[in-house]
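Asks: Got a structure for you, questions after.
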Amino acid sequence: MTPITEVEGRRLSLSNLDKVLYPATGTTKGEVLHYYAATVAGAILPHLRDRPVSFLRYPDGPGGQLFFTKNPPPGTPDWVRTTPVPRSEDQAARQVMVQDLPSLMWAANLVVEFHTPQWRADAPETADRMVFDLDPGSPATVVQCCAVALWLRERLAADGLFAYGKTSGSKGLHLLVPLEPAPSAEVSAYAKRLAVEAESALPELALHRMKRALRPGKVFVDFSQNSASKTTATPYTLRARTEPTVSAPVTWDEIEACRNPEDLVFRADGMAARLERYGDLLGPLLDPDRVRPLPGRAA
C-alpha cells in the first residue's frame with residue numbers, strides 16, 4: 001500500500017520509499033525525500049518560489065530513463081499552483097510553481113531535478129538575475145572553471161555587480177548575479193559580451209563558443225542560459241548523476257582554494273552540515289541591497 005502522509009494540511013501519496021535510486025551509494029527514494037523535507041526545504045524553497053519550474057525526471061534512478069518536462073505532470077493535485085508561461089508553440093502553456101513544502105514534497109516524490117529560469121512568473125522574460133554556466137571540456141575540470149570564475153567575479157565587480165557561486169552538481173560551476181529586472185535579451189547580450197571578453201583575456205582557458213572541436217581543455221562560458229526560454233539547475237537540487245550530488249552553493253574562499261575536482265563535489269549527506277555552518281550562501285540573490293542595474297541601464 002502506498003503510504004499517505006500529511007504535510008502542512010495536504011495529503012500526499014509517497015511511493016516506493018525503499019527503492020534504491022543511487023546504486024553507487026545505496027541511496028533510497030525515502031532518503032531523497034528526507035533530504036528535501038528535512039535538510040534543504042528552508043533553503044531551496046526561496047529559490048523556487050514564484051518561478052515556473054521545469055523537471056528532469058529520473059524515476060528509476062540516473063541509470064534509467066531521463067526525460068525533461070515543462071508541462072504539469074498528469075495527476076498534478078489541484079492545490080499545486082501553476083502559472084501561464086510564454087511559449088511560441090502554445091500560448092496557453094502552463095508550468096508548475098513550487099511555492100511551499102507540500103508542493104516540494106509532491107514534486108520530489110516524482111524523482112526530479114528542479115530547473116528554473118532567470119525570471120519570475122509575474123514578469124516573464126524579465127530577468128532578475130544573470131547566470132554564467134562554466135562547463136569544462138576534458139581534460140579541463142572544475143579547477144579550471146574556478147580560475148575563469150575568479151576572472152568573471154572581478155570583471156563583474158568592475159561594473160558594480162556581485163557574483164555568487166554554486167557547483168552545477170555535475171562537472172562545472174555556475175555564477176549567479178542579482179539584477180534589477182531587465183529584459184532577458186539585454187541580460188543575454190551583456191553576458192555574451194563578458195564571455196567574449198573572458199576568452200580574449202584567458203585565451204588558453206576560456207571559450208565563448210559551444211563548438212565541440214574547440215572545447216577540449218577549455219572552459220565554455222555558457223551565457224545562453226540567460227535566454228528567457230532556458231533554465232538552470234536550481235540551488236540545492238539533487239542531480240541525476242551516479243551519486244546524489246547537489247548543485248551546492250560555495251564560498252569564494254572554496255573557489256580560490258580548489259586544486260582538485262573532488263574539492264567541489266557535494267553530496268546529499270553533507271548538506272546539513274554545510275547549511276549549519278554557512279546558512280544559505282545564495283541568500284544574497286534575494287537581498288534587495290545586493291541588487292544592481294544591468295550596466296548600461298538607468299538605476
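Going by the C-alpha cells order, chains are called A, B, ..., each with residues numbered from 1, while ligands are numbered from 1 in the order shown.
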Report as a tab-separated table: every residue of region 267-299 of chain A with an atom at most 10 Å from region 237-245 of chain A, its closest pair of atoms, and their distance in Å to one decimal, counting only C-alpha atoms, with rows sorted by chain and ascending residue number.

Replies:
```
residue	atom	partner	partner_atom	distance
A:Arg267	CA	A:Thr245	CA	4.2
A:Ala268	CA	A:Pro244	CA	5.9
A:Asp269	CA	A:Pro244	CA	8.5
A:Gly270	CA	A:Thr245	CA	9.7
A:Met271	CA	A:Thr245	CA	9.9
```

Asks: Can you write just those residues out, N, CA and C atoms, as a PDB file, in the first residue's frame?

Replies:
```pdb
ATOM      1  N   ARG A 267      27.586  16.102  -1.736  1.00  0.00           N
ATOM      2  CA  ARG A 267      26.527  15.106  -1.830  1.00  0.00           C
ATOM      3  C   ARG A 267      25.434  15.390  -0.806  1.00  0.00           C
ATOM      4  N   ALA A 268      24.324  14.716  -0.991  1.00  0.00           N
ATOM      5  CA  ALA A 268      23.161  14.977  -0.137  1.00  0.00           C
ATOM      6  C   ALA A 268      23.491  14.847   1.340  1.00  0.00           C
ATOM      7  N   ASP A 269      24.306  13.852   1.692  1.00  0.00           N
ATOM      8  CA  ASP A 269      24.563  13.594   3.115  1.00  0.00           C
ATOM      9  C   ASP A 269      25.468  14.642   3.761  1.00  0.00           C
ATOM     10  N   GLY A 270      26.032  15.539   2.963  1.00  0.00           N
ATOM     11  CA  GLY A 270      26.876  16.581   3.536  1.00  0.00           C
ATOM     12  C   GLY A 270      26.225  17.950   3.618  1.00  0.00           C
ATOM     13  N   MET A 271      25.002  18.072   3.126  1.00  0.00           N
ATOM     14  CA  MET A 271      24.408  19.401   3.026  1.00  0.00           C
ATOM     15  C   MET A 271      23.911  19.941   4.360  1.00  0.00           C
TER      16      MET A 271
END
```

Asks: Neighbours of Leu176 (chain A) within 6 Å (only C-alpha atoms; same-chain residues fewer than 4 positions away dropped), as a list in words?

Replies: Met130, Val131, Ala163 and Tyr164 of chain A

Asks: Would you export the selected residues with N, CA and C atoms as a compact mmCIF listing (two decimals), in the first residue's frame, please?

Replies:
```txt
# COMPACT_ATOMS: atom_id res chain seq x y z
N MET A 130 21.36 37.02 -13.41
CA MET A 130 22.13 36.59 -14.57
C MET A 130 22.93 35.36 -14.17
N VAL A 131 23.16 34.47 -15.13
CA VAL A 131 23.89 33.25 -14.83
C VAL A 131 24.98 33.02 -15.89
N ALA A 163 28.71 38.70 -7.59
CA ALA A 163 28.58 37.35 -8.14
C ALA A 163 28.68 36.33 -7.02
N TYR A 164 27.94 35.25 -7.16
CA TYR A 164 27.90 34.18 -6.16
C TYR A 164 27.98 32.84 -6.90
```

Asks: Smallest atom-to-atom distance to Lys19 (chain A): which of A:Val111, A:Ala272, A:Ala201, A:Ala43, using only C-alpha atoms?

Replies: A:Val111

Asks: Would you list the contacts of region 132-149 of chain A as JSON, numbers by chain, taking every protein, DNA or RNA residue within 7 Å and counting only C-alpha atoms, but skipping same-chain residues closer than 6 positions in sequence?

Replies: {"A": [171, 172, 173, 174, 175, 176, 206, 215, 216, 217, 218, 219, 220, 221, 222, 223, 255, 256, 258, 259, 260, 261]}

Asks: What's around Arg94 (chain A) at 12 Å? Count only C-alpha atoms, leave out sequence neighbours fewer than 2 positions away in its own chain, and write the answer as a CSV table (one decimal) with C-alpha atoms, in the first residue's frame.

Replies:
```csv
chain,number,residue,atom,x,y,z
A,51,ARG,CA,9.3,30.8,-10.7
A,52,PRO,CA,7.9,28.3,-13.2
A,53,VAL,CA,9.7,25.0,-12.6
A,54,SER,CA,10.9,22.5,-15.2
A,69,THR,CA,9.1,18.1,-18.9
A,70,LYS,CA,7.8,21.6,-18.6
A,71,ASN,CA,4.1,20.8,-18.6
A,72,PRO,CA,2.4,19.9,-15.3
A,73,PRO,CA,2.6,16.1,-15.0
A,81,ARG,CA,-0.1,26.2,-8.3
A,82,THR,CA,0.6,26.6,-11.9
A,83,THR,CA,1.3,29.7,-14.0
A,84,PRO,CA,0.9,30.7,-17.6
A,85,VAL,CA,4.2,30.9,-19.5
A,86,PRO,CA,5.1,32.3,-22.9
A,87,ARG,CA,5.9,29.6,-25.5
A,90,ASP,CA,1.5,27.1,-27.3
A,91,GLN,CA,0.2,30.4,-26.0
A,92,ALA,CA,-1.9,28.6,-23.4
A,96,VAL,CA,4.1,24.2,-12.0
A,97,MET,CA,5.3,26.6,-9.3
A,121,ALA,CA,6.2,34.2,-13.1
```
